[in-house]
Structure formats: structure tokens, C-alpha cells
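Asker: What follows is the file coords.pdb, containing PDB, C-alpha atoms, pLDDT in the B column:
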```pdb
ATOM      1  CA  MET A  16       0.000   0.000   0.000  1.00 43.00           C
ATOM      2  CA  ILE A  17       1.351   3.426  -0.959  1.00 50.00           C
ATOM      3  CA  MET A  18       1.345   5.927   1.886  1.00 50.00           C
ATOM      4  CA  GLN A  19      -0.131   9.301   0.964  1.00 51.00           C
ATOM      5  CA  PRO A  20       1.551  12.465   2.216  1.00 52.00           C
ATOM      6  CA  ALA A  21      -0.389  14.413   4.827  1.00 56.00           C
ATOM      7  CA  SER A  22      -2.674  17.122   3.487  1.00 82.00           C
ATOM      8  CA  THR A  23      -0.470  19.934   4.808  1.00 88.00           C
ATOM      9  CA  GLU A  24       2.583  18.412   3.127  1.00 92.00           C
ATOM     10  CA  ILE A  25       0.685  18.209  -0.161  1.00 94.00           C
ATOM     11  CA  ALA A  26      -0.396  21.822   0.212  1.00 94.00           C
ATOM     12  CA  SER A  27       3.104  23.105   0.963  1.00 95.00           C
ATOM     13  CA  ARG A  28       4.762  21.141  -1.840  1.00 96.00           C
ATOM     14  CA  THR A  29       1.993  22.262  -4.229  1.00 97.00           C
ATOM     15  CA  ALA A  30       2.425  25.886  -3.172  1.00 97.00           C
ATOM     16  CA  ALA A  31       6.147  25.699  -3.969  1.00 97.00           C
ATOM     17  CA  ILE A  32       5.441  24.337  -7.463  1.00 98.00           C
ATOM     18  CA  VAL A  33       2.745  26.940  -8.079  1.00 97.00           C
ATOM     19  CA  GLN A  34       5.043  29.743  -6.904  1.00 97.00           C
ATOM     20  CA  GLU A  35       7.767  28.581  -9.277  1.00 97.00           C
ATOM     21  CA  LEU A  36       5.487  28.350 -12.335  1.00 98.00           C
ATOM     22  CA  LYS A  37       2.636  30.824 -11.883  1.00 96.00           C
ATOM     23  CA  GLY A  38       4.515  33.585 -13.731  1.00 96.00           C
ATOM     24  CA  LEU A  39       4.336  31.640 -16.990  1.00 97.00           C
ATOM     25  CA  GLU A  40       1.747  32.558 -19.567  1.00 96.00           C
ATOM     26  CA  GLY A  41      -1.073  30.031 -19.183  1.00 95.00           C
ATOM     27  CA  PRO A  42       0.459  28.488 -16.053  1.00 98.00           C
ATOM     28  CA  LEU A  43      -2.208  25.914 -15.174  1.00 98.00           C
ATOM     29  CA  LEU A  44      -0.994  23.057 -17.393  1.00 97.00           C
ATOM     30  CA  PRO A  45       2.695  23.435 -16.441  1.00 98.00           C
ATOM     31  CA  ILE A  46       1.671  23.578 -12.772  1.00 98.00           C
ATOM     32  CA  LEU A  47      -0.410  20.404 -13.115  1.00 98.00           C
ATOM     33  CA  HIS A  48       2.484  18.657 -14.882  1.00 97.00           C
ATOM     34  CA  GLY A  49       4.830  19.717 -12.097  1.00 97.00           C
ATOM     35  CA  ILE A  50       2.463  18.478  -9.416  1.00 97.00           C
ATOM     36  CA  GLN A  51       1.964  15.152 -11.152  1.00 95.00           C
ATOM     37  CA  GLU A  52       5.721  14.775 -11.519  1.00 93.00           C
ATOM     38  CA  GLU A  53       6.144  15.516  -7.803  1.00 95.00           C
ATOM     39  CA  PHE A  54       3.394  13.217  -6.476  1.00 94.00           C
ATOM     40  CA  GLY A  55       2.808  10.735  -9.312  1.00 90.00           C
ATOM     41  CA  HIS A  56      -0.737  12.092  -9.598  1.00 94.00           C
ATOM     42  CA  VAL A  57      -2.692  15.293  -8.946  1.00 97.00           C
ATOM     43  CA  PRO A  58      -3.975  15.001  -5.363  1.00 96.00           C
ATOM     44  CA  GLN A  59      -7.378  16.495  -4.577  1.00 95.00           C
ATOM     45  CA  ASP A  60      -5.749  18.482  -1.772  1.00 95.00           C
ATOM     46  CA  ALA A  61      -3.668  20.346  -4.376  1.00 97.00           C
ATOM     47  CA  LEU A  62      -6.670  21.735  -6.262  1.00 97.00           C
ATOM     48  CA  PRO A  63      -7.686  24.493  -3.822  1.00 96.00           C
ATOM     49  CA  VAL A  64      -4.058  25.647  -3.519  1.00 96.00           C
ATOM     50  CA  ILE A  65      -3.792  25.969  -7.295  1.00 97.00           C
ATOM     51  CA  ALA A  66      -7.193  27.635  -7.626  1.00 97.00           C
ATOM     52  CA  GLU A  67      -6.438  30.253  -4.979  1.00 96.00           C
ATOM     53  CA  ALA A  68      -2.992  31.073  -6.379  1.00 96.00           C
ATOM     54  CA  LEU A  69      -4.304  31.468  -9.946  1.00 97.00           C
ATOM     55  CA  ASN A  70      -7.535  33.204  -8.886  1.00 97.00           C
ATOM     56  CA  ILE A  71      -9.735  30.612 -10.574  1.00 97.00           C
ATOM     57  CA  SER A  72     -12.332  28.264  -9.133  1.00 97.00           C
ATOM     58  CA  LYS A  73     -11.533  24.811  -7.820  1.00 97.00           C
ATOM     59  CA  ALA A  74     -14.113  23.565 -10.364  1.00 97.00           C
ATOM     60  CA  GLU A  75     -12.062  25.057 -13.210  1.00 97.00           C
ATOM     61  CA  VAL A  76      -8.923  23.288 -11.989  1.00 97.00           C
ATOM     62  CA  HIS A  77     -10.870  20.044 -11.545  1.00 97.00           C
ATOM     63  CA  GLY A  78     -12.295  20.414 -15.069  1.00 96.00           C
ATOM     64  CA  VAL A  79      -8.833  20.678 -16.590  1.00 97.00           C
ATOM     65  CA  VAL A  80      -7.509  17.739 -14.559  1.00 96.00           C
ATOM     66  CA  THR A  81     -10.393  15.507 -15.626  1.00 92.00           C
ATOM     67  CA  PHE A  82     -10.431  16.694 -19.257  1.00 92.00           C
ATOM     68  CA  TYR A  83      -6.844  15.696 -20.038  1.00 89.00           C
ATOM     69  CA  HIS A  84      -6.301  11.937 -19.875  1.00 81.00           C
ATOM     70  CA  ASP A  85      -2.655  12.186 -18.828  1.00 85.00           C
ATOM     71  CA  TYR A  86      -3.500  13.628 -15.426  1.00 92.00           C
ATOM     72  CA  ARG A  87      -4.164  11.054 -12.731  1.00 91.00           C
ATOM     73  CA  SER A  88      -6.244  11.379  -9.589  1.00 89.00           C
ATOM     74  CA  HIS A  89      -4.474   8.371  -8.022  1.00 89.00           C
ATOM     75  CA  PRO A  90      -0.902   7.105  -8.254  1.00 91.00           C
ATOM     76  CA  ALA A  91      -0.168   4.852 -11.220  1.00 93.00           C
ATOM     77  CA  GLY A  92       1.396   1.423 -11.006  1.00 95.00           C
ATOM     78  CA  ARG A  93       5.116   0.818 -11.446  1.00 96.00           C
ATOM     79  CA  HIS A  94       4.413   0.319 -15.158  1.00 97.00           C
ATOM     80  CA  VAL A  95       1.899   2.220 -17.273  1.00 95.00           C
ATOM     81  CA  LEU A  96       0.475   0.386 -20.272  1.00 97.00           C
ATOM     82  CA  LYS A  97      -1.436   2.539 -22.733  1.00 96.00           C
ATOM     83  CA  LEU A  98      -3.433   0.665 -25.329  1.00 97.00           C
ATOM     84  CA  CYS A  99      -4.503   2.486 -28.483  1.00 97.00           C
ATOM     85  CA  GLN A 100      -8.239   2.504 -29.059  1.00 96.00           C
ATOM     86  CA  ALA A 101      -8.328   4.836 -32.095  1.00 96.00           C
ATOM     87  CA  GLU A 102     -10.045   3.871 -35.323  1.00 96.00           C
ATOM     88  CA  ALA A 103      -7.010   2.393 -37.107  1.00 96.00           C
ATOM     89  CA  CYS A 104      -6.211   0.155 -34.145  1.00 96.00           C
ATOM     90  CA  GLN A 105      -9.880  -0.775 -33.737  1.00 96.00           C
ATOM     91  CA  SER A 106      -9.995  -1.853 -37.371  1.00 97.00           C
ATOM     92  CA  MET A 107      -7.007  -4.117 -36.706  1.00 97.00           C
ATOM     93  CA  GLY A 108      -8.454  -5.795 -33.612  1.00 96.00           C
ATOM     94  CA  SER A 109      -7.599  -3.593 -30.635  1.00 96.00           C
ATOM     95  CA  ASP A 110     -10.883  -4.618 -28.991  1.00 96.00           C
ATOM     96  CA  VAL A 111      -9.713  -8.255 -28.922  1.00 97.00           C
ATOM     97  CA  VAL A 112      -6.281  -7.164 -27.686  1.00 97.00           C
ATOM     98  CA  ALA A 113      -7.903  -5.063 -24.942  1.00 97.00           C
ATOM     99  CA  ALA A 114     -10.119  -7.938 -23.821  1.00 97.00           C
ATOM    100  CA  LYS A 115      -7.131 -10.298 -23.639  1.00 97.00           C
ATOM    101  CA  LEU A 116      -4.968  -7.798 -21.750  1.00 96.00           C
ATOM    102  CA  LYS A 117      -7.746  -7.063 -19.272  1.00 97.00           C
ATOM    103  CA  GLN A 118      -8.141 -10.791 -18.681  1.00 97.00           C
ATOM    104  CA  LEU A 119      -4.381 -11.446 -18.359  1.00 96.00           C
ATOM    105  CA  LEU A 120      -3.804  -8.488 -16.043  1.00 97.00           C
ATOM    106  CA  GLY A 121      -7.026  -8.835 -14.083  1.00 97.00           C
ATOM    107  CA  ILE A 122      -7.825  -5.133 -14.445  1.00 97.00           C
ATOM    108  CA  GLY A 123      -9.820  -2.857 -16.704  1.00 97.00           C
ATOM    109  CA  PHE A 124      -9.030   0.503 -18.239  1.00 95.00           C
ATOM    110  CA  HIS A 125      -8.200   3.219 -15.685  1.00 91.00           C
ATOM    111  CA  GLU A 126      -7.326   0.578 -13.091  1.00 94.00           C
ATOM    112  CA  THR A 127      -4.133  -0.456 -11.348  1.00 95.00           C
ATOM    113  CA  ALA A 128      -3.333  -4.037 -10.380  1.00 96.00           C
ATOM    114  CA  ARG A 129      -3.692  -4.759  -6.652  1.00 94.00           C
ATOM    115  CA  ASP A 130       0.038  -5.385  -6.384  1.00 95.00           C
ATOM    116  CA  GLY A 131       0.750  -1.962  -7.930  1.00 95.00           C
ATOM    117  CA  SER A 132       2.601  -3.508 -10.854  1.00 96.00           C
ATOM    118  CA  VAL A 133       0.704  -1.941 -13.748  1.00 97.00           C
ATOM    119  CA  THR A 134      -1.922   0.622 -14.685  1.00 96.00           C
ATOM    120  CA  LEU A 135      -3.907   0.047 -17.891  1.00 96.00           C
ATOM    121  CA  GLU A 136      -5.100   3.079 -19.823  1.00 94.00           C
ATOM    122  CA  PRO A 137      -6.816   3.620 -23.154  1.00 95.00           C
ATOM    123  CA  VAL A 138      -5.310   6.200 -25.515  1.00 94.00           C
ATOM    124  CA  TYR A 139      -6.693   7.521 -28.746  1.00 92.00           C
ATOM    125  CA  CYS A 140      -3.762   7.444 -31.153  1.00 93.00           C
ATOM    126  CA  LEU A 141      -0.111   6.787 -30.610  1.00 95.00           C
ATOM    127  CA  GLY A 142       0.777   7.746 -34.179  1.00 94.00           C
ATOM    128  CA  LEU A 143       1.601   4.142 -35.010  1.00 94.00           C
ATOM    129  CA  CYS A 144      -1.401   3.518 -37.265  1.00 95.00           C
ATOM    130  CA  ALA A 145       0.590   1.581 -39.864  1.00 96.00           C
ATOM    131  CA  CYS A 146       1.604  -0.869 -37.136  1.00 97.00           C
ATOM    132  CA  ALA A 147      -1.823  -1.320 -35.535  1.00 97.00           C
ATOM    133  CA  PRO A 148      -2.825  -2.478 -33.054  1.00 98.00           C
ATOM    134  CA  SER A 149      -0.345  -0.641 -30.868  1.00 97.00           C
ATOM    135  CA  ALA A 150       0.450   0.164 -27.266  1.00 98.00           C
ATOM    136  CA  MET A 151       2.916   2.137 -25.189  1.00 97.00           C
ATOM    137  CA  LEU A 152       4.628   0.611 -22.183  1.00 98.00           C
ATOM    138  CA  ASP A 153       6.435   3.084 -19.947  1.00 96.00           C
ATOM    139  CA  GLY A 154       6.915   5.479 -22.852  1.00 93.00           C
ATOM    140  CA  GLU A 155       8.078   2.859 -25.368  1.00 97.00           C
ATOM    141  CA  VAL A 156       5.764   2.206 -28.309  1.00 97.00           C
ATOM    142  CA  ILE A 157       5.005  -1.344 -29.387  1.00 97.00           C
ATOM    143  CA  GLY A 158       3.359  -2.086 -32.709  1.00 97.00           C
ATOM    144  CA  ARG A 159       1.670  -5.051 -34.347  1.00 97.00           C
ATOM    145  CA  LEU A 160       0.435  -6.495 -31.061  1.00 97.00           C
ATOM    146  CA  ASP A 161      -0.238 -10.213 -31.165  1.00 96.00           C
ATOM    147  CA  ASP A 162      -0.598 -12.944 -28.548  1.00 96.00           C
ATOM    148  CA  GLU A 163       3.163 -13.403 -28.265  1.00 97.00           C
ATOM    149  CA  LYS A 164       3.790  -9.693 -27.681  1.00 97.00           C
ATOM    150  CA  LEU A 165       0.958  -9.539 -25.155  1.00 97.00           C
ATOM    151  CA  ASP A 166       2.496 -12.423 -23.206  1.00 97.00           C
ATOM    152  CA  GLU A 167       5.867 -10.611 -23.261  1.00 97.00           C
ATOM    153  CA  ILE A 168       4.256  -7.388 -22.022  1.00 97.00           C
ATOM    154  CA  VAL A 169       2.467  -9.162 -19.190  1.00 97.00           C
ATOM    155  CA  ALA A 170       5.657 -10.970 -18.178  1.00 97.00           C
ATOM    156  CA  GLU A 171       7.561  -7.677 -18.120  1.00 97.00           C
ATOM    157  CA  VAL A 172       5.049  -5.806 -15.988  1.00 97.00           C
ATOM    158  CA  ARG A 173       4.739  -8.712 -13.562  1.00 93.00           C
ATOM    159  CA  SER A 174       8.516  -9.124 -13.060  1.00 89.00           C
TER     160      SER A 174
END
```
Please rewrite the model in this file as C-alpha cells.
Answerer:
Amino acid sequence: MIMQPASTEIASRTAAIVQELKGLEGPLLPILHGIQEEFGHVPQDALPVIAEALNISKAEVHGVVTFYHDYRSHPAGRHVLKLCQAEACQSMGSDVVAAKLKQLLGIGFHETARDGSVTLEPVYCLGLCACAPSAMLDGEVIGRLDDEKLDEIVAEVRS
């Protein structure tokens, strides 16, 4: 189980990030990236700190966090597996690949394995359409997914 920092620690670390970046033009996205880099996700306790510093509502900050799929509300697993669900990958069987991965990993999209080994996320284009279906594991793209590659991926995230 991952221990979460106390609320006051989150607030103080968030305030430092906000202070460093709030002078940028359009500072919200860089601030959110900085917070996610610091904590591994964007904690709910950070939202009011950001909102107050930028003079926007907490709802506006929440809206941005939930709109962009790369921001997380909870820490990710040790590995992050992003499976393309865009049209080109769908036409090449990404739905079958997704079903098999979900079964092999025992999790669905937007979930993390109980042991914290992997988080499975859908993405909507990795730019690898000619090699569909495709995925990205910890920032490395993998094309032409088949049963053998899926078994290799599962073995890697479980090791």
C-alpha cells in the first residue's frame, strides 16, 4: 500500500510548485504537470491551492484535470500500459487485444493491479497507425500487437 503524504505536506509542496510556475503565460498546465511529476498524480488536496494562487475556481482546476487523460487522480502502477483505441487500431483488432490484456492483467481501463505492478489506460492514437494495433509501455511504443507480444508485455510488468 502506498502511503499518501499528509494534506499539509501536499499543500506546501503544491504551493512551492505553483510559486515557481505561476509567472508563466497560461500556467495551469505546467503547474499540473509539475504536481503530477512531484506526487505521481494530482492530489485532490492540491486543487484548492492551485485555484487560490491562480484566482480561478476549484471547479475550473478540476475540469482541466479531468479533461486531459494524462493527469491522474491516483498514483499509477510501477508500469503504465497505454493501449490504443483509435479507429485504425480498432480496425485491426484492438478490442480483442484489450479484452485479452484485461483478462491477463485482471484489471480494466483506468485501473491499477492490486500489487501496484501496472496501470492500464486507453489512448486515442499513438501515431503508429501503420503498425496497428499498438500500445505504449512506460513510454516505449510497441506495434503489431499479437498474442506473443501480449504475453511478453504481461511478463515484463509482472517481473
Asker: Could you expand the PyMOL selection byres ((chain A and resi 88) around 12) into the explicit residues it covers here, written as a list in words?
Answerer: Leu47, Ile50, Gln51, Phe54, Gly55, His56, Val57, Pro58, Gln59, Asp60, Ala61, Leu62, His77, Val79, Val80, Thr81, Phe82, Tyr83, His84, Asp85, Tyr86, Arg87, His89, Pro90, Ala91, His125 and Glu126 of chain A
Asker: Ranking A:Ile65, A:Ala145, A:Asp130, A:Arg28 by minimum distance to Pro45 (chain A) and counting all atoms listed in the file, which one comes first?
Answerer: A:Ile65
Asker: Using only C-alpha atoms, pick whichever of A:Leu135, A:Ile71, A:Met107, A:Ile46 has the shortest atom-to-atom distance to Gly121 (chain A).
Answerer: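 Closest candidate: A:Leu135.
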Asker: Could you tell me how far CA of Gly131 (chain A) lies from CA of Ala170 (chain A), in Å and to one decimal?
Answerer: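 Between CA of Gly131 (chain A) and CA of Ala170 (chain A) the gap works out to 14.5 Å.
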Asker: How close does region 43-126 of chain A get to region 151-159 of chain A? List, as JSON lines, each residue of region 43-126 of chain A within 12 Å, its nearest atom pair and the distance in Å to one decimal, counting all atoms listed in the file.
Answerer:
```
{"residue": "A:Ala91", "atom": "CA", "partner": "A:Asp153", "partner_atom": "CA", "distance": 11.1}
{"residue": "A:Gly92", "atom": "CA", "partner": "A:Asp153", "partner_atom": "CA", "distance": 10.4}
{"residue": "A:Arg93", "atom": "CA", "partner": "A:Asp153", "partner_atom": "CA", "distance": 8.9}
{"residue": "A:His94", "atom": "CA", "partner": "A:Asp153", "partner_atom": "CA", "distance": 5.9}
{"residue": "A:Val95", "atom": "CA", "partner": "A:Asp153", "partner_atom": "CA", "distance": 5.3}
{"residue": "A:Leu96", "atom": "CA", "partner": "A:Leu152", "partner_atom": "CA", "distance": 4.6}
{"residue": "A:Lys97", "atom": "CA", "partner": "A:Met151", "partner_atom": "CA", "distance": 5.0}
{"residue": "A:Leu98", "atom": "CA", "partner": "A:Met151", "partner_atom": "CA", "distance": 6.5}
{"residue": "A:Cys99", "atom": "CA", "partner": "A:Met151", "partner_atom": "CA", "distance": 8.1}
{"residue": "A:Gln100", "atom": "CA", "partner": "A:Met151", "partner_atom": "CA", "distance": 11.8}
{"residue": "A:Ala103", "atom": "CA", "partner": "A:Arg159", "partner_atom": "CA", "distance": 11.8}
{"residue": "A:Cys104", "atom": "CA", "partner": "A:Arg159", "partner_atom": "CA", "distance": 9.4}
{"residue": "A:Met107", "atom": "CA", "partner": "A:Arg159", "partner_atom": "CA", "distance": 9.0}
{"residue": "A:Gly108", "atom": "CA", "partner": "A:Arg159", "partner_atom": "CA", "distance": 10.2}
{"residue": "A:Ser109", "atom": "CA", "partner": "A:Arg159", "partner_atom": "CA", "distance": 10.1}
{"residue": "A:Val112", "atom": "CA", "partner": "A:Arg159", "partner_atom": "CA", "distance": 10.6}
```
Asker: Using all atoms listed in the file, which residue out of A:Val133, A:Leu69, A:Ala26, A:Cys140 lies closest to Leu44 (chain A)?
Answerer: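 Of A:Val133, A:Leu69, A:Ala26, A:Cys140, the one nearest Leu44 (chain A) is A:Leu69, counting all atoms listed in the file.
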Asker: Just say which residues the PyMOL selection byres ((chain A and resi 37) around 12) picks in this file, as a PDB file with C-alpha atoms, in the frame of the given file.
Answerer:
```
ATOM      1  CA  THR A  29       1.993  22.262  -4.229  1.00 97.00           C
ATOM      2  CA  ALA A  30       2.425  25.886  -3.172  1.00 97.00           C
ATOM      3  CA  ALA A  31       6.147  25.699  -3.969  1.00 97.00           C
ATOM      4  CA  ILE A  32       5.441  24.337  -7.463  1.00 98.00           C
ATOM      5  CA  VAL A  33       2.745  26.940  -8.079  1.00 97.00           C
ATOM      6  CA  GLN A  34       5.043  29.743  -6.904  1.00 97.00           C
ATOM      7  CA  GLU A  35       7.767  28.581  -9.277  1.00 97.00           C
ATOM      8  CA  LEU A  36       5.487  28.350 -12.335  1.00 98.00           C
ATOM      9  CA  GLY A  38       4.515  33.585 -13.731  1.00 96.00           C
ATOM     10  CA  LEU A  39       4.336  31.640 -16.990  1.00 97.00           C
ATOM     11  CA  GLU A  40       1.747  32.558 -19.567  1.00 96.00           C
ATOM     12  CA  GLY A  41      -1.073  30.031 -19.183  1.00 95.00           C
ATOM     13  CA  PRO A  42       0.459  28.488 -16.053  1.00 98.00           C
ATOM     14  CA  LEU A  43      -2.208  25.914 -15.174  1.00 98.00           C
ATOM     15  CA  LEU A  44      -0.994  23.057 -17.393  1.00 97.00           C
ATOM     16  CA  PRO A  45       2.695  23.435 -16.441  1.00 98.00           C
ATOM     17  CA  ILE A  46       1.671  23.578 -12.772  1.00 98.00           C
ATOM     18  CA  LEU A  47      -0.410  20.404 -13.115  1.00 98.00           C
ATOM     19  CA  GLY A  49       4.830  19.717 -12.097  1.00 97.00           C
ATOM     20  CA  VAL A  64      -4.058  25.647  -3.519  1.00 96.00           C
ATOM     21  CA  ILE A  65      -3.792  25.969  -7.295  1.00 97.00           C
ATOM     22  CA  ALA A  66      -7.193  27.635  -7.626  1.00 97.00           C
ATOM     23  CA  GLU A  67      -6.438  30.253  -4.979  1.00 96.00           C
ATOM     24  CA  ALA A  68      -2.992  31.073  -6.379  1.00 96.00           C
ATOM     25  CA  LEU A  69      -4.304  31.468  -9.946  1.00 97.00           C
ATOM     26  CA  ASN A  70      -7.535  33.204  -8.886  1.00 97.00           C
TER      27      ASN A  70
END
```
Asker: Put a box with edges along x, y and z around all the listed atoms of region 67-73 of chain A, pad it by 4 Å on each side, then give me its centre and sizes in Å, one decimal, as AutoDock Vina command-line options.
Answerer:
```
--center_x -7.7 --center_y 29.0 --center_z -7.8 --size_x 17.3 --size_y 16.4 --size_z 13.6
```
Asker: For Ala113 (chain A), which residue among A:Ala128, A:Val138, A:Ile25, A:Val76 is the nearest when counting all atoms listed in the file?
Answerer: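 Result for the nearest residue to Ala113 (chain A): A:Val138.
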Asker: Pick out the closest residue to Ala114 (chain A) from this set: A:Arg173, A:Thr23, A:Asp162, A:Pro63. Count all atoms listed in the file.
Answerer: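 Of the candidates, the smallest distance to Ala114 (chain A) is held by A:Asp162.
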Asker: Any idea what the distance is between CA of Ala147 (chain A) and CA of Ser174 (chain A)?
Answerer: 25.9 Å
Asker: Can you tell me how far CA of Leu160 (chain A) sits from CA of Pro148 (chain A), in Å to one decimal?
Answerer: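 Taking CA of Leu160 (chain A) as the start and CA of Pro148 (chain A) as the end point, the length is 5.5 Å.
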Asker: Kindly indicate which residue among A:Glu171, A:Asp161, A:Ala74, A:Ser27 lies nearest to Cys146 (chain A), using all atoms listed in the file for the distances.
Answerer: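 Smallest distance to Cys146 (chain A) is found for A:Asp161.
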Asker: Mind writing region 96-129 of chain A to a file for me, with C-alpha atoms, as a PDB file, in the first residue's frame?
Answerer:
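Saved file part_31.pdb follows:
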```
ATOM      1  CA  LEU A  96       0.475   0.386 -20.272  1.00  0.00           C
ATOM      2  CA  LYS A  97      -1.436   2.539 -22.733  1.00  0.00           C
ATOM      3  CA  LEU A  98      -3.433   0.665 -25.329  1.00  0.00           C
ATOM      4  CA  CYS A  99      -4.503   2.486 -28.483  1.00  0.00           C
ATOM      5  CA  GLN A 100      -8.239   2.504 -29.059  1.00  0.00           C
ATOM      6  CA  ALA A 101      -8.328   4.836 -32.095  1.00  0.00           C
ATOM      7  CA  GLU A 102     -10.045   3.871 -35.323  1.00  0.00           C
ATOM      8  CA  ALA A 103      -7.010   2.393 -37.107  1.00  0.00           C
ATOM      9  CA  CYS A 104      -6.211   0.155 -34.145  1.00  0.00           C
ATOM     10  CA  GLN A 105      -9.880  -0.775 -33.737  1.00  0.00           C
ATOM     11  CA  SER A 106      -9.995  -1.853 -37.371  1.00  0.00           C
ATOM     12  CA  MET A 107      -7.007  -4.117 -36.706  1.00  0.00           C
ATOM     13  CA  GLY A 108      -8.454  -5.795 -33.612  1.00  0.00           C
ATOM     14  CA  SER A 109      -7.599  -3.593 -30.635  1.00  0.00           C
ATOM     15  CA  ASP A 110     -10.883  -4.618 -28.991  1.00  0.00           C
ATOM     16  CA  VAL A 111      -9.713  -8.255 -28.922  1.00  0.00           C
ATOM     17  CA  VAL A 112      -6.281  -7.164 -27.686  1.00  0.00           C
ATOM     18  CA  ALA A 113      -7.903  -5.063 -24.942  1.00  0.00           C
ATOM     19  CA  ALA A 114     -10.119  -7.938 -23.821  1.00  0.00           C
ATOM     20  CA  LYS A 115      -7.131 -10.298 -23.639  1.00  0.00           C
ATOM     21  CA  LEU A 116      -4.968  -7.798 -21.750  1.00  0.00           C
ATOM     22  CA  LYS A 117      -7.746  -7.063 -19.272  1.00  0.00           C
ATOM     23  CA  GLN A 118      -8.141 -10.791 -18.681  1.00  0.00           C
ATOM     24  CA  LEU A 119      -4.381 -11.446 -18.359  1.00  0.00           C
ATOM     25  CA  LEU A 120      -3.804  -8.488 -16.043  1.00  0.00           C
ATOM     26  CA  GLY A 121      -7.026  -8.835 -14.083  1.00  0.00           C
ATOM     27  CA  ILE A 122      -7.825  -5.133 -14.445  1.00  0.00           C
ATOM     28  CA  GLY A 123      -9.820  -2.857 -16.704  1.00  0.00           C
ATOM     29  CA  PHE A 124      -9.030   0.503 -18.239  1.00  0.00           C
ATOM     30  CA  HIS A 125      -8.200   3.219 -15.685  1.00  0.00           C
ATOM     31  CA  GLU A 126      -7.326   0.578 -13.091  1.00  0.00           C
ATOM     32  CA  THR A 127      -4.133  -0.456 -11.348  1.00  0.00           C
ATOM     33  CA  ALA A 128      -3.333  -4.037 -10.380  1.00  0.00           C
ATOM     34  CA  ARG A 129      -3.692  -4.759  -6.652  1.00  0.00           C
TER      35      ARG A 129
END
```
